[in-house]
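Below: the structure, in structure tokens.
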Amino acid sequence: MAERRRALLLLLPLVLLSCRERPLPEADAADRDLAAGRRIFERKCASCHNSNGDGKTVTAGRFPYANLIDGVWRGDGSPESIEKQIRHGHDPMPKFEGKLTDEEIRQTVAYVLKLSRDAQPAEKR
């Protein structure tokens with residue numbers, strides 16, 4: 001019985017240490033939005049726009065605006081214009097209003113803009 005008690009007393013500090021609350025790693029909101037936007041893009045957009053945004057897919061390769069990284073936009077390339085395109089679509093792109101939440105659309109816009117910026121030469125950024 002004494003050995004059992006001693007074993008429990010030795011294990012107790014380990015149990016207490018493992019139960020303490022550890023802070024979660026912090027990331028800023030922009031990084032979280034980009035990560036979410038990337039997941040949405042990969043799930044909903046990459047089949048036409050390709051995972052790297054170049055639009056070279058069997059589905060949409062023949063459409064000039066499928067390429068999101070060449071700097072050529074159907075609209076002016078602003079966040080508002082990209083949001084409108086995602087929200088309302090434009091033949092052949094389907095609309096995503098009602099399929100994605102406002103937040104998901106905003107996150108996707110942020111990711112598309114990052115894809116485009118990252119593809120531009122350094123002097124144009």
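The chains in the structure tokens are called A, B, ... from first to last as shown; in each chain the residues are counted from 1, and the ligands are counted from 1 in the order shown.
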So that I can check the surroundings of region 35-48 of chain A, please list as an mmCIF file with C-alpha atoms, in the first residue's frame every protein, DNA and RNA residue that reaches within 10 Å of it, counting only C-alpha atoms and ignoring chain neighbours fewer than 2 positions away.
data_model
loop_
_atom_site.group_PDB
_atom_site.id
_atom_site.type_symbol
_atom_site.label_atom_id
_atom_site.label_comp_id
_atom_site.auth_asym_id
_atom_site.auth_seq_id
_atom_site.Cartn_x
_atom_site.Cartn_y
_atom_site.Cartn_z
ATOM 1 C CA ALA A 29 -5.854 37.977 -38.474
ATOM 2 C CA ALA A 30 -4.425 38.576 -41.952
ATOM 3 C CA ASP A 31 -2.505 35.287 -41.829
ATOM 4 C CA ARG A 32 -5.610 33.433 -40.680
ATOM 5 C CA ASP A 33 -7.666 35.012 -43.473
ATOM 6 C CA ASN A 50 -5.383 25.942 -61.043
ATOM 7 C CA SER A 51 -3.876 25.788 -57.566
ATOM 8 C CA ASN A 52 -1.222 28.357 -58.504
ATOM 9 C CA GLY A 53 -3.774 30.691 -60.140
ATOM 10 C CA ASP A 54 -2.397 30.468 -63.685
ATOM 11 C CA GLY A 55 -5.697 29.173 -65.129
ATOM 12 C CA LYS A 56 -3.996 26.423 -67.104
ATOM 13 C CA THR A 57 -6.612 23.738 -66.634
ATOM 14 C CA VAL A 58 -8.609 21.576 -68.999
ATOM 15 C CA THR A 59 -11.762 23.233 -67.717
ATOM 16 C CA ALA A 60 -10.873 26.901 -68.159
ATOM 17 C CA GLY A 61 -7.550 27.099 -70.004
ATOM 18 C CA PHE A 63 -10.760 31.536 -71.139
ATOM 19 C CA ALA A 66 -8.996 32.294 -65.843
ATOM 20 C CA ASN A 67 -5.381 33.354 -65.236
ATOM 21 C CA ILE A 86 -16.720 35.979 -56.987
ATOM 22 C CA MET A 93 -17.566 31.682 -63.945
ATOM 23 C CA PHE A 96 -20.651 32.036 -55.307
ATOM 24 C CA LYS A 99 -22.489 29.196 -51.696
ATOM 25 C CA LEU A 100 -19.855 31.080 -49.687
ATOM 26 C CA GLU A 103 -16.418 36.219 -44.745
ATOM 27 C CA GLU A 104 -15.377 33.347 -47.022
ATOM 28 C CA ILE A 105 -15.665 35.623 -50.051
ATOM 29 C CA ARG A 106 -13.533 38.262 -48.306
ATOM 30 C CA GLN A 107 -10.938 35.614 -47.399
ATOM 31 C CA THR A 108 -10.878 34.309 -50.971
ATOM 32 C CA VAL A 109 -10.367 37.846 -52.308
ATOM 33 C CA ALA A 110 -7.412 38.289 -49.944
ATOM 34 C CA TYR A 111 -5.868 35.045 -51.163
ATOM 35 C CA VAL A 112 -6.415 35.837 -54.867
ATOM 36 C CA LYS A 114 -1.803 37.533 -52.650
ATOM 37 C CA LEU A 115 -1.469 35.007 -55.489
#
(request) Give me every helix (DSSP H, G or I) residue in region 4-119 of chain A, going by DSSP on the backbone, as a ChimeraX atom specification. (result) /A:4-19,29-49,64-66,79-88,102-119
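Between Ser116 (chain A) and the residues A:Thr101, A:Pro79, A:Arg87, A:Asp28, the shortest atom-to-atom distance, using only C-alpha atoms, involves A:Pro79.
Computed from the coordinates, the CA of Leu68 (chain A) to CA of Gly98 (chain A) distance equals 22.7 Å.
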(request) Report the distance between CA of Ala119 (chain A) and CA of Asp102 (chain A) in Å, rounded to one decimal place. (result) 26.0 Å
(message) Quick one: residues within 9 Å of Arg74 (chain A), only C-alpha atoms, excluding same-chain residues fewer than 2 positions away - as a VMD selection string?
(response) chain A and resid 64 to 65 72 76 to 77 81 to 82 85
Output file for the residues above (C-alpha atoms, as an mmCIF file, in the first residue's frame):
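Dumped everything to out.cif:
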data_model
loop_
_atom_site.group_PDB
_atom_site.id
_atom_site.type_symbol
_atom_site.label_atom_id
_atom_site.label_comp_id
_atom_site.auth_asym_id
_atom_site.auth_seq_id
_atom_site.Cartn_x
_atom_site.Cartn_y
_atom_site.Cartn_z
ATOM 1 C CA PRO A 64 -8.592 34.665 -70.965
ATOM 2 C CA TYR A 65 -9.590 35.685 -67.453
ATOM 3 C CA VAL A 72 -5.001 40.970 -66.650
ATOM 4 C CA ASP A 76 -9.843 46.627 -62.520
ATOM 5 C CA GLY A 77 -8.218 44.065 -60.190
ATOM 6 C CA SER A 81 -13.956 44.140 -58.360
ATOM 7 C CA ILE A 82 -12.684 40.682 -57.445
ATOM 8 C CA GLN A 85 -16.718 38.677 -59.682
#
(request) Write down as number ranges by chain the residues belonging to region 18-123 of chain A that are assigned strand (DSSP E or B) by DSSP computed on the backbone. (result) A: 90, 93, 97, 100
File dump, residues just selected, C-alpha atoms, as a JSON list (two decimals), in the first residue's frame:
[["chain", "number", "residue", "atom", "x", "y", "z"],
["A", 90, "HIS", "CA", -19.67, 36.27, -65.04],
["A", 93, "MET", "CA", -17.57, 31.68, -63.94],
["A", 97, "GLU", "CA", -23.11, 34.27, -53.47],
["A", 100, "LEU", "CA", -19.86, 31.08, -49.69]]
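Of the residues under consideration (A:Arg4, A:Lys84, A:Gly71, A:Pro94), A:Gly71 shows the shortest atom-to-atom contact distance to Arg117 (chain A) when counting only C-alpha atoms.
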